[in-house]
file input.txt (compact mmCIF, C-alpha atoms and all ligand atoms)
# COMPACT_ATOMS: atom_id res chain seq x y z
CA MET A 1 31.63 -3.55 0.74
CA SER A 2 33.20 -6.72 -0.57
CA CYS A 3 31.63 -9.92 0.65
CA GLY A 4 34.23 -12.43 -0.47
CA VAL A 5 33.74 -15.35 -2.81
CA ALA A 6 31.48 -18.25 -1.99
CA SER A 7 33.24 -21.53 -1.72
CA GLY A 8 32.11 -25.06 -1.00
CA LEU A 9 30.74 -27.89 -3.03
CA LEU A 10 27.08 -26.93 -2.68
CA SER A 11 27.43 -23.44 -4.11
CA PHE A 12 29.60 -24.88 -6.88
CA LEU A 13 27.07 -27.54 -7.84
CA ALA A 14 23.96 -25.40 -7.40
CA PRO A 15 24.93 -21.77 -7.85
CA ARG A 16 22.42 -19.18 -6.80
CA LEU A 17 21.36 -16.98 -9.71
CA CYS A 18 20.59 -13.32 -9.32
CA PRO A 19 16.87 -12.75 -10.03
CA SER A 20 17.67 -9.36 -11.56
CA CYS A 21 20.53 -10.10 -14.00
CA GLY A 22 20.73 -13.90 -14.03
CA GLU A 23 24.43 -13.98 -13.08
CA VAL A 24 25.75 -16.30 -10.38
CA VAL A 25 25.54 -14.71 -6.92
CA LEU A 26 29.01 -15.01 -5.40
CA CYS A 27 28.24 -13.40 -2.06
CA VAL A 28 27.51 -16.04 0.61
CA GLY A 29 24.03 -15.66 2.08
CA GLU A 30 22.89 -13.10 -0.50
CA GLU A 31 20.02 -13.60 -2.93
CA VAL A 32 20.86 -10.75 -5.34
CA CYS A 33 24.32 -10.16 -6.84
CA GLU A 34 26.58 -7.44 -5.51
CA SER A 35 26.40 -5.21 -8.60
CA CYS A 36 22.58 -5.31 -8.72
CA LEU A 37 22.42 -4.51 -5.01
CA GLU A 38 24.52 -1.41 -5.58
CA GLY A 39 22.44 1.73 -5.34
CA CYS A 40 19.46 0.02 -3.68
CA SER A 41 17.66 2.45 -1.38
CA THR A 42 17.43 1.60 2.29
CA LEU A 43 15.30 2.92 5.13
CA PRO A 44 17.04 4.91 7.89
CA GLU A 45 17.70 3.28 11.27
CA ARG A 46 15.10 5.43 13.02
CA ARG A 47 11.65 4.31 11.96
CA CYS A 48 8.02 4.86 12.78
CA PRO A 49 6.58 1.89 14.70
CA GLN A 50 3.11 2.56 13.29
CA CYS A 51 3.88 2.45 9.56
CA GLY A 52 7.44 1.09 9.31
CA GLY A 53 8.58 4.16 7.36
CA PRO A 54 11.34 6.64 8.25
CA ASN A 55 10.77 8.94 11.20
CA VAL A 56 12.67 12.22 11.06
CA GLY A 57 10.62 14.04 13.72
CA MET A 58 11.11 14.32 17.46
CA LEU A 59 8.09 12.20 18.37
CA GLU A 60 7.92 8.40 18.36
CA GLU A 61 5.61 8.27 15.34
CA CYS A 62 6.10 9.89 11.92
CA ARG A 63 4.15 12.96 10.89
CA GLU A 64 1.86 11.02 8.55
CA CYS A 65 0.78 8.66 11.34
CA GLN A 66 0.27 11.55 13.75
CA LEU A 67 -1.96 13.36 11.27
CA MET A 68 -4.13 10.31 10.60
CA SER A 69 -7.70 10.50 11.79
CA GLY A 70 -8.02 7.50 14.09
CA ARG A 71 -5.26 5.05 14.92
CA ARG A 72 -4.02 2.34 12.68
CA PRO A 73 -5.61 -0.91 13.89
CA TRP A 74 -2.38 -2.90 14.12
CA SER A 75 0.04 -2.54 17.01
CA PHE A 76 3.35 -2.39 15.15
CA ALA A 77 4.68 -2.24 11.58
CA VAL A 78 7.97 -2.93 9.88
CA SER A 79 9.16 -2.59 6.28
CA ALA A 80 12.37 -3.75 4.64
CA PHE A 81 12.79 -1.01 2.00
CA PRO A 82 11.45 2.32 0.78
CA PHE A 83 9.30 1.82 -2.32
CA GLU A 84 11.56 3.47 -4.87
CA GLY A 85 14.28 2.89 -7.47
CA LYS A 86 15.36 -0.69 -8.07
CA ILE A 87 13.19 -2.03 -5.25
CA ARG A 88 10.09 -0.51 -6.81
CA HIS A 89 11.00 -2.06 -10.17
CA TRP A 90 11.75 -5.49 -8.65
CA ILE A 91 8.49 -5.51 -6.70
CA HIS A 92 6.69 -4.69 -9.92
CA GLN A 93 8.43 -7.64 -11.64
CA PHE A 94 7.63 -9.88 -8.69
CA LYS A 95 4.00 -8.83 -8.51
CA TYR A 96 2.92 -8.36 -12.10
CA ARG A 97 5.50 -10.11 -14.31
CA LYS A 98 5.56 -13.52 -12.63
CA GLU A 99 9.18 -12.98 -11.51
CA THR A 100 8.62 -15.00 -8.35
CA CYS A 101 12.38 -15.64 -8.20
CA PHE A 102 12.56 -12.33 -6.27
CA GLY A 103 10.64 -13.99 -3.41
CA PRO A 104 13.66 -15.32 -1.45
CA PHE A 105 15.41 -11.94 -1.60
CA PHE A 106 12.39 -10.00 -0.35
CA ALA A 107 11.49 -12.60 2.30
CA THR A 108 15.06 -12.74 3.63
CA ARG A 109 15.30 -8.94 3.90
CA LEU A 110 11.86 -8.68 5.51
CA ALA A 111 12.69 -11.44 8.00
CA GLU A 112 15.91 -9.57 8.83
CA ALA A 113 13.96 -6.33 9.37
CA TRP A 114 11.50 -8.17 11.60
CA ARG A 115 14.31 -9.72 13.67
CA LYS A 116 15.90 -6.29 14.08
CA TYR A 117 12.83 -4.20 14.87
CA GLY A 118 10.04 -6.56 15.90
CA SER A 119 11.68 -9.51 17.62
CA ASP A 120 10.57 -8.38 21.10
CA ARG A 121 6.98 -9.08 20.01
CA ASP A 122 5.69 -12.63 20.19
CA ILE A 123 3.99 -13.97 17.06
CA ASP A 124 1.98 -17.19 16.77
CA MET A 125 1.20 -17.14 13.08
CA ILE A 126 2.09 -15.35 9.84
CA VAL A 127 -0.83 -14.48 7.57
CA PRO A 128 -0.48 -13.07 4.03
CA VAL A 129 -2.92 -10.42 2.80
CA PRO A 130 -5.03 -12.30 0.27
CA LEU A 131 -5.71 -11.32 -3.32
CA ASN A 132 -9.16 -10.77 -4.68
CA LEU A 133 -10.16 -14.16 -6.12
CA LEU A 134 -10.46 -12.99 -9.74
CA ARG A 135 -7.07 -11.35 -9.55
CA TYR A 136 -5.61 -14.50 -8.05
CA ILE A 137 -6.98 -16.59 -10.92
CA LYS A 138 -5.60 -14.11 -13.45
CA ARG A 139 -2.18 -13.79 -11.84
CA GLY A 140 -1.82 -17.40 -10.77
CA TYR A 141 -0.14 -16.62 -7.46
CA ASN A 142 -0.37 -14.33 -4.47
CA GLN A 143 2.91 -12.49 -4.01
CA ALA A 144 2.18 -11.85 -0.33
CA ALA A 145 1.62 -15.58 0.24
CA ILE A 146 5.02 -16.39 -1.32
CA ILE A 147 6.71 -13.96 1.08
CA ALA A 148 4.70 -15.26 4.04
CA GLU A 149 5.64 -18.91 3.31
CA LEU A 150 9.35 -18.08 3.00
CA MET A 151 9.30 -15.88 6.11
CA GLY A 152 7.53 -18.64 8.01
CA LYS A 153 10.44 -20.98 7.26
CA GLN A 154 13.04 -18.37 8.21
CA LEU A 155 11.33 -17.25 11.42
CA LYS A 156 10.11 -20.80 12.23
CA LEU A 157 6.48 -19.72 12.45
CA PRO A 158 3.36 -21.38 11.01
CA VAL A 159 1.64 -19.67 8.09
CA GLY A 160 -2.13 -19.35 8.05
CA LYS A 161 -4.20 -18.12 5.16
CA PHE A 162 -7.45 -16.32 4.94
CA ARG A 163 -9.06 -15.29 1.75
CA LEU A 164 -11.23 -12.82 -0.05
CA VAL A 165 -14.54 -14.35 -1.01
CA ARG A 166 -16.00 -11.41 -2.82
CA TRP A 167 -16.24 -11.98 -6.55
CA SER A 168 -16.74 -8.39 -7.61
CA ARG A 169 -13.82 -7.02 -9.55
CA THR A 170 -12.18 -4.23 -7.64
CA LYS A 171 -10.21 -1.51 -9.36
CA HIS A 172 -6.46 -1.42 -9.01
CA GLN A 173 -5.60 0.47 -5.84
CA ALA A 174 -2.66 2.14 -7.56
CA SER A 175 -4.96 4.30 -9.69
CA MET A 176 -7.01 5.61 -6.74
CA ASN A 177 -6.72 8.41 -4.27
CA LEU A 178 -6.98 7.83 -0.50
CA LYS A 179 -10.75 8.34 -0.31
CA GLN A 180 -11.44 6.04 -3.27
CA ARG A 181 -9.22 3.36 -1.73
CA LYS A 182 -11.11 3.40 1.53
CA VAL A 183 -14.45 2.96 -0.29
CA ASN A 184 -12.97 0.23 -2.48
CA ILE A 185 -11.64 -1.71 0.51
CA ARG A 186 -14.93 -1.48 2.36
CA LYS A 187 -16.55 -3.33 -0.55
CA GLU A 188 -14.32 -6.34 -0.01
CA ASP A 189 -14.96 -9.07 2.44
CA PHE A 190 -12.22 -11.10 4.09
CA LYS A 191 -13.01 -14.54 5.38
CA CYS A 192 -11.05 -16.52 7.97
CA PRO A 193 -11.30 -20.29 7.43
CA PHE A 194 -9.70 -21.09 10.78
CA SER A 195 -9.93 -19.98 14.40
CA LEU A 196 -7.74 -17.08 15.43
CA LYS A 197 -8.77 -17.02 19.08
CA GLY A 198 -5.98 -15.43 21.09
CA LYS A 199 -3.51 -15.62 18.22
CA ARG A 200 -0.83 -12.98 17.75
CA ILE A 201 -0.62 -12.43 14.00
CA LEU A 202 2.07 -11.08 11.72
CA LEU A 203 0.24 -9.84 8.63
CA VAL A 204 2.41 -9.75 5.48
CA ASP A 205 1.98 -7.75 2.28
CA ASP A 206 4.18 -6.37 -0.49
CA VAL A 207 3.78 -2.58 -0.23
CA MET A 208 2.18 -0.27 2.31
CA THR A 209 0.95 2.94 0.76
CA THR A 210 -2.01 4.36 2.67
CA GLY A 211 -2.35 1.15 4.67
CA SER A 212 -6.07 0.83 3.88
CA THR A 213 -5.86 -2.78 2.66
CA LEU A 214 -3.77 -3.77 5.68
CA ALA A 215 -6.20 -1.94 7.98
CA ALA A 216 -9.21 -3.80 6.56
CA ALA A 217 -7.41 -7.14 6.86
CA THR A 218 -6.22 -6.33 10.39
CA GLU A 219 -9.74 -5.43 11.49
CA LYS A 220 -11.00 -8.73 10.11
CA LEU A 221 -8.30 -10.70 11.92
CA LEU A 222 -9.12 -8.92 15.19
CA SER A 223 -12.85 -9.52 14.69
CA CYS A 224 -12.05 -13.23 14.14
CA GLY A 225 -10.45 -13.41 17.59
CA ALA A 226 -6.81 -12.47 17.02
CA SER A 227 -5.41 -10.87 20.16
CA SER A 228 -2.96 -8.65 18.26
CA VAL A 229 -1.79 -7.92 14.72
CA CYS A 230 1.59 -6.61 13.57
CA VAL A 231 2.29 -5.92 9.92
CA ALA A 232 5.35 -6.52 7.77
CA THR A 233 5.66 -5.19 4.22
CA ILE A 234 8.50 -5.48 1.75
CA ALA A 235 8.35 -1.76 1.10
CA ARG A 236 6.87 1.45 2.48
CA ASP A 237 5.56 3.80 -0.21
CA LEU A 238 6.04 7.33 1.08
ZN ZN B 1 22.46 -9.23 -10.52
ZN ZN B 2 4.35 6.36 10.52
call {"tool": "encode", "arguments": {"input": "input.txt", "output": "structure tokens", "more": "lines below"}}
Ligand SMILES: [Zn+2]
Ligand SMILES: [Zn+2]
result
Amino acid sequence: MSCGVASGLLSFLAPRLCPSCGEVVLCVGEEVCESCLEGCSTLPERRCPQCGGPNVGMLEECRECQLMSGRRPWSFAVSAFPFEGKIRHWIHQFKYRKETCFGPFFATRLAEAWRKYGSDRDIDMIVPVPLNLLRYIKRGYNQAAIIAELMGKQLKLPVGKFRLVRWSRTKHQASMNLKQRKVNIRKEDFKCPFSLKGKRILLVDDVMTTGSTLAAATEKLLSCGASSVCVATIARDL
């Protein structure tokens, strides 16, 4: 689909550059150029409200959520993309290669997904899932916090932060199976530096795989007084 050519003095003086190829983005309102966007995977219209992934079954929730032992602790979830192809690669660049220039693209698409699927839910505050402190020091930024800040501006919501205080180095989740992830998450301790009494929280992270990190963070937010937690992730890993 052609989007036309951007005109106007502002876009001429300060052209937006595609974070993937570095070329000028000509499409008004887009963050990534048209040719890089080509072939990007999208999620189907019908989605599971519990995990934000596709739902091809007859029931309201997807099969994975139905088969889970115990409910997910949050009330609603939305994702912007499936975790595959170009999106998977870009998230990897954004998360591990300091390519924070992908932030506006991901935040805009996630804010759009939230407006489309979650806008009937009231939110008081956006909270990013924190990084383990050692990992934060090593990486220099928290990718979830970048998304949360940008989404806060787009959705006109305040952004609160809570943090991990545990110093122990935790293994990378990506190399673990479901059981190992649950044990690993239990070892971590989230701390809320501010009151959440009665607050309706939108918890933001990059990728939902099993959801164990999001579940631990959600439980902490609820135990700190939050009245409800919804989650928004750039991508759903299926
Ligand atoms: Zn491009
Ligand atoms: Zn689901």
call {"tool": "closest_residue", "arguments": {"input": "input.txt", "among": "A:Pro44, A:Gly53, A:Pro19, A:Pro158", "to": "Lys98 (chain A)", "atoms": "only C-alpha atoms"}}
result
A:Pro19
call {"tool": "residues_near_ligand", "arguments": {"input": "input.txt", "ligand": "ligand ZN 2 (chain B)", "cutoff": "6 Å", "atoms": "only C-alpha atoms and all ligand atoms", "output": "VMD selection string"}}
result
chain A and resid 48 50 to 51 53 61 to 62 64 to 65
call {"tool": "atom_distance", "arguments": {"input": "input.txt", "atom1": "CA of Asn132 (chain A)", "atom2": "CA of Asp237 (chain A)"}}
result
21.2 Å
call {"tool": "residues_around", "arguments": {"input": "input.txt", "residues": "region 192-202 of chain A", "least_positions_apart": "2", "cutoff": "12 Å", "atoms": "only C-alpha atoms", "output": "number ranges by chain"}}
result
A: 74-78, 110-111, 114, 118-119, 121-130, 147-148, 151-152, 155, 157-165, 189-190, 204-205, 214, 217-233
call {"tool": "closest_atom_pairs", "arguments": {"input": "input.txt", "of": "chain A", "to": "ligand ZN 1 (chain B)", "cutoff": "8 Å", "atoms": "only C-alpha atoms and all ligand atoms", "output": "JSON lines"}}
result
{"residue": "A:Leu17", "atom": "CA", "partner": "B:ZN1", "partner_atom": "ZN", "distance": 7.9}
{"residue": "A:Cys18", "atom": "CA", "partner": "B:ZN1", "partner_atom": "ZN", "distance": 4.7}
{"residue": "A:Pro19", "atom": "CA", "partner": "B:ZN1", "partner_atom": "ZN", "distance": 6.6}
{"residue": "A:Ser20", "atom": "CA", "partner": "B:ZN1", "partner_atom": "ZN", "distance": 4.9}
{"residue": "A:Cys21", "atom": "CA", "partner": "B:ZN1", "partner_atom": "ZN", "distance": 4.1}
{"residue": "A:Gly22", "atom": "CA", "partner": "B:ZN1", "partner_atom": "ZN", "distance": 6.1}
{"residue": "A:Glu23", "atom": "CA", "partner": "B:ZN1", "partner_atom": "ZN", "distance": 5.7}
{"residue": "A:Val24", "atom": "CA", "partner": "B:ZN1", "partner_atom": "ZN", "distance": 7.8}
{"residue": "A:Val25", "atom": "CA", "partner": "B:ZN1", "partner_atom": "ZN", "distance": 7.2}
{"residue": "A:Val32", "atom": "CA", "partner": "B:ZN1", "partner_atom": "ZN", "distance": 5.6}
{"residue": "A:Cys33", "atom": "CA", "partner": "B:ZN1", "partner_atom": "ZN", "distance": 4.2}
{"residue": "A:Glu34", "atom": "CA", "partner": "B:ZN1", "partner_atom": "ZN", "distance": 6.7}
{"residue": "A:Ser35", "atom": "CA", "partner": "B:ZN1", "partner_atom": "ZN", "distance": 5.9}
{"residue": "A:Cys36", "atom": "CA", "partner": "B:ZN1", "partner_atom": "ZN", "distance": 4.3}
{"residue": "A:Leu37", "atom": "CA", "partner": "B:ZN1", "partner_atom": "ZN", "distance": 7.3}
call {"tool": "closest_residue", "arguments": {"input": "input.txt", "among": "A:Ile87, A:Ala145, A:Leu203, A:Val56", "to": "Gly39 (chain A)", "atoms": "all atoms listed in the file"}}
result
A:Ile87
call {"tool": "atom_distance", "arguments": {"input": "input.txt", "atom1": "CA of Ile146 (chain A)", "atom2": "CA of Arg47 (chain A)"}}
result
25.5 Å
call {"tool": "closest_residue", "arguments": {"input": "input.txt", "among": "A:Gln143, A:Ser79, A:Ile137, A:Thr209", "to": "Cys101 (chain A)", "atoms": "only C-alpha atoms"}}
result
A:Gln143
call {"tool": "closest_residue", "arguments": {"input": "input.txt", "among": "A:Gly211, A:Gly29, A:Pro49, A:Gly70", "to": "Pro15 (chain A)", "atoms": "all atoms listed in the file"}}
result
A:Gly29
call {"tool": "closest_residue", "arguments": {"input": "input.txt", "among": "A:Glu45, A:Lys191, A:Asn142, A:Lys153", "to": "Lys95 (chain A)", "atoms": "all atoms listed in the file"}}
result
A:Asn142
